[in-house]
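Novice: The structure follows.
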Amino acid sequence: MMTNSKVADKSVRPGAVLSSYPSLRGRAVFVTGGATGIGAAIVGAFAAQGAKVAFIDVAEAAAARLAQELAEAGHTPPWWRVCDVRDIAALQAAVTEAGAALGDFAALVNNVASDDRHTLESVTPAYYDERMAINERPAFFAIQAVVPGMRRLGFGSVINLGSTGWQTKGGAYPCYAIAKSSVNGLTRGLATALGKDRIRINTVSPGWVMTERQIALWLDAEGERELQRNQCLPDRLQPGDIARMVLFLASDDAAMCTAQEFKVDAGWS
Ligand SMILES: NC(=O)c1ccc[n+]([C@@H]2O[C@H](COP(=O)([O-])OP(=O)(O)OC[C@H]3O[C@@H](n4cnc5c(N)ncnc54)[C@H](O)[C@@H]3O)[C@@H](O)[C@H]2O)c1
């Protein structure tokens, strides 16, 4: 499985035997925020399954690097564009353009987010709206854009990235917590309407995942102690651990899974 760096994927642990999904081969998949972190692992994981991947991100250099690494690894190069998801028209235009290039999307992964820290006192109405514009609103409108294609296909899988952070009362980002807690509402609120057309929708909620950004910005000695205290499993969660749950939910193996939250948190919550 690819990540966005040349560093070996630490989610592939010694002795592990991983699944592959023939049903994903040749399928078109759209990922938001796919240039770095968990999104990049998801993009790489789908590419390694032979899927046709499209992704958008604001991080242009990282996106270009990921596309090049995937091509060098022998995978079909992903379709990608610089797109700020706060601009819903641009997000929906990217879905349309990518769909014209790759075909109707069989899977959508709503991954984009920003967990910047803030306090109750510091938040202005403008900052609040901006947090929602990244962490809450894009998923709904990305779904709106892909569903007509899924209806044409006769099936589809929408995977919304939630979080266990608000569930374990992580307190450093109340607006992010509000937005992330709404992901289960999005999943459950659309599951019945989409299910009639065999379009499945699920939440994948990661625990604390050791992306380069998390390690650089937030992981300190107290964080290490917290991980040790709260996780049931000793290993650190890696982006690839989340990507593998996403692959399963996108595949035909998950044909009867919808409206649910799947946690990948090493047992913390
Ligand atoms: N890393 C964790 O520990 C963790 C824990 C719980 C949940 N999650 C969830 O998993 C998902 C991925 O997490 P991550 O840690 O890789 O996130 P991240 O913040 O590291 O990366 C998200 C990606 O989105 C991009 N992005 C940010 N703002 C954007 C914008 N306005 N328009 C377009 N792209 C933008 C970034 O450039 C980045 O590539 C998120 O939904 C997050 O909430 C992560």
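Chains: A, B, ... in order of the structure tokens. Residues: from 1 per chain. Ligands: from 1, in order shown.
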At a cut-off of 7 Å and counting only C-alpha atoms and all ligand atoms, what residues surround ligand 1? Please answer as a VMD selection string.

Specialist: chain A and resid 32 to 39 56 to 59 83 to 86 111 to 115 134 161 to 165 180 205 to 211 213 to 214

Novice: From the list A:Phe105, A:Trp218, A:Tyr21, A:Trp268, which residue is nearest A:Ala145 when using only C-alpha atoms?

Specialist: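 Ranked by minimum distance to A:Ala145, first place goes to A:Phe105.
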
Novice: Please identify all polymer residues within 9 Å of A:Ala67, counting only C-alpha atoms, omitting same-chain residues fewer than 2 positions from it, and present them as a JSON list (two decimals) with N, CA and C atoms, in the first residue's frame.

Specialist:
[["chain", "number", "residue", "atom", "x", "y", "z"],
["A", 4, "ASN", "N", 2.03, 8.80, 1.19],
["A", 4, "ASN", "CA", 2.52, 9.97, 0.46],
["A", 4, "ASN", "C", 4.01, 10.18, 0.71],
["A", 35, "ALA", "N", -4.23, 14.59, -0.68],
["A", 35, "ALA", "CA", -2.80, 14.79, -0.96],
["A", 35, "ALA", "C", -1.88, 14.34, 0.16],
["A", 62, "ALA", "N", 2.32, 18.56, -2.56],
["A", 62, "ALA", "CA", 2.14, 17.21, -2.01],
["A", 62, "ALA", "C", 1.30, 16.36, -2.97],
["A", 63, "ALA", "N", 0.30, 16.97, -3.59],
["A", 63, "ALA", "CA", -0.55, 16.23, -4.53],
["A", 63, "ALA", "C", 0.28, 15.75, -5.73],
["A", 64, "ALA", "N", 1.10, 16.65, -6.25],
["A", 64, "ALA", "CA", 1.92, 16.30, -7.41],
["A", 64, "ALA", "C", 2.90, 15.18, -7.05],
["A", 65, "ARG", "N", 3.46, 15.28, -5.83],
["A", 65, "ARG", "CA", 4.42, 14.27, -5.37],
["A", 65, "ARG", "C", 3.74, 12.90, -5.25],
["A", 69, "GLU", "N", 4.66, 9.50, -7.23],
["A", 69, "GLU", "CA", 5.06, 8.28, -6.51],
["A", 69, "GLU", "C", 4.20, 7.10, -6.93],
["A", 70, "LEU", "N", 2.90, 7.36, -7.13],
["A", 70, "LEU", "CA", 2.01, 6.27, -7.53],
["A", 70, "LEU", "C", 2.35, 5.80, -8.93],
["A", 71, "ALA", "N", 2.63, 6.76, -9.82],
["A", 71, "ALA", "CA", 3.01, 6.39, -11.19],
["A", 71, "ALA", "C", 4.31, 5.59, -11.18],
["A", 72, "GLU", "N", 5.27, 6.05, -10.37],
["A", 72, "GLU", "CA", 6.57, 5.34, -10.29],
["A", 72, "GLU", "C", 6.40, 3.93, -9.73],
["A", 77, "PRO", "N", -1.79, 6.61, -12.78],
["A", 77, "PRO", "CA", -1.66, 7.91, -12.09],
["A", 77, "PRO", "C", -3.04, 8.47, -11.75],
["A", 78, "PRO", "N", -3.21, 9.00, -10.56],
["A", 78, "PRO", "CA", -4.52, 9.55, -10.19],
["A", 78, "PRO", "C", -4.82, 10.85, -10.93],
["A", 79, "TRP", "N", -6.10, 11.11, -11.13],
["A", 79, "TRP", "CA", -6.58, 12.43, -11.60],
["A", 79, "TRP", "C", -6.59, 13.31, -10.37],
["A", 80, "TRP", "N", -6.03, 14.51, -10.42],
["A", 80, "TRP", "CA", -6.11, 15.39, -9.26],
["A", 80, "TRP", "C", -6.17, 16.85, -9.69]]

Novice: Name the closest residue to A:Ala172 among the candidates A:Cys232, A:Val12, A:Leu120, A:Ala100; distances are taken between atoms, counting only C-alpha atoms.

Specialist: A:Leu120

Novice: Mind listing the alpha helix (DSSP H) residues of stretch 23-264 of chain A, per DSSP on the backbone, as a PyMOL selection string?

Specialist: chain A and resi 37-48+60-72+88-102+125-135+137-153+174-195+212-217+221-230+239-250

Novice: So how far away is atom CA of A:Asn110 from atom CA of A:Ile143, in Å?

Specialist: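 Atom-to-atom, atom CA of A:Ile143 to atom CA of A:Asn110, that is 8.5 Å.
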
Novice: How close does each residue of stretch 90-149 of chain A get to stretch 43-54 of chain A, giving the shortest atom pair and distance in Å to one decimal for every residue with an atom at most 12 Å away, counting only C-alpha atoms, sorted by chain and residue number, as a tab-separated table?

Specialist:
residue	atom	partner	partner_atom	distance
A:Ala94	CA	A:Ala54	CA	9.2
A:Val95	CA	A:Ala54	CA	8.5
A:Thr96	CA	A:Ala54	CA	11.0
A:Glu97	CA	A:Ala54	CA	9.9
A:Ala98	CA	A:Ala54	CA	6.4
A:Gly99	CA	A:Ala54	CA	8.6
A:Ala100	CA	A:Ala54	CA	11.2
A:Ala101	CA	A:Ala54	CA	9.4
A:Leu102	CA	A:Lys52	CA	6.7
A:Gly103	CA	A:Lys52	CA	9.0
A:Asp104	CA	A:Lys52	CA	10.6
A:Phe105	CA	A:Lys52	CA	9.2
A:Ala106	CA	A:Ala51	CA	9.9
A:Ala107	CA	A:Val53	CA	9.6
A:Leu108	CA	A:Ala54	CA	9.6
A:Val109	CA	A:Val43	CA	9.5
A:Asn110	CA	A:Val43	CA	11.9
A:Asn111	CA	A:Val43	CA	10.6

Novice: Find, counting only C-alpha atoms, the residue in A:Ile178, A:Ala73, A:Ala41, A:Ala266 that gets nearest to A:Asn230.

Specialist: A:Ala266

Novice: Give the strand (DSSP E or B) residues of stretch 140-236 of chain A, as assigned by DSSP on the backbone, as a VMD selection string.

Specialist: chain A and resid 156 to 161 199 to 206 209

Novice: How many Å separate atom CA of A:Ala243 from atom CA of A:Ile42?

Specialist: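 Going from atom CA of A:Ala243 over to atom CA of A:Ile42, I get 4.7 Å.
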
Novice: Mind pulling up the distance from atom CA of A:Phe248 to atom CA of A:Asn202?

Specialist: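 Between atom CA of A:Asn202 and atom CA of A:Phe248 the gap works out to 11.3 Å.
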
Novice: Please, which residues in stretch 133-169 of chain A fall within 12 Å of stretch 25-31 of chain A when counting only C-alpha atoms, and what is the closest atom pair and distance in Å to one decimal for each, ordered by chain then residue number, as a tab-separated table?

Specialist:
residue	atom	partner	partner_atom	distance
A:Pro138	CA	A:Val31	CA	11.6
A:Ala139	CA	A:Val31	CA	10.5
A:Ala142	CA	A:Phe30	CA	9.2
A:Ile143	CA	A:Phe30	CA	10.4
A:Ala145	CA	A:Phe30	CA	10.8
A:Val146	CA	A:Phe30	CA	8.7
A:Val147	CA	A:Phe30	CA	11.9
A:Gly149	CA	A:Ala28	CA	10.5
A:Met150	CA	A:Ala28	CA	10.5
A:Leu153	CA	A:Arg27	CA	10.6
A:Phe155	CA	A:Arg27	CA	11.5
A:Gly156	CA	A:Val29	CA	9.9
A:Ser157	CA	A:Val29	CA	9.4
A:Val158	CA	A:Phe30	CA	9.6
A:Ile159	CA	A:Val31	CA	9.5
A:Asn160	CA	A:Val31	CA	10.2
A:Leu161	CA	A:Val31	CA	10.8
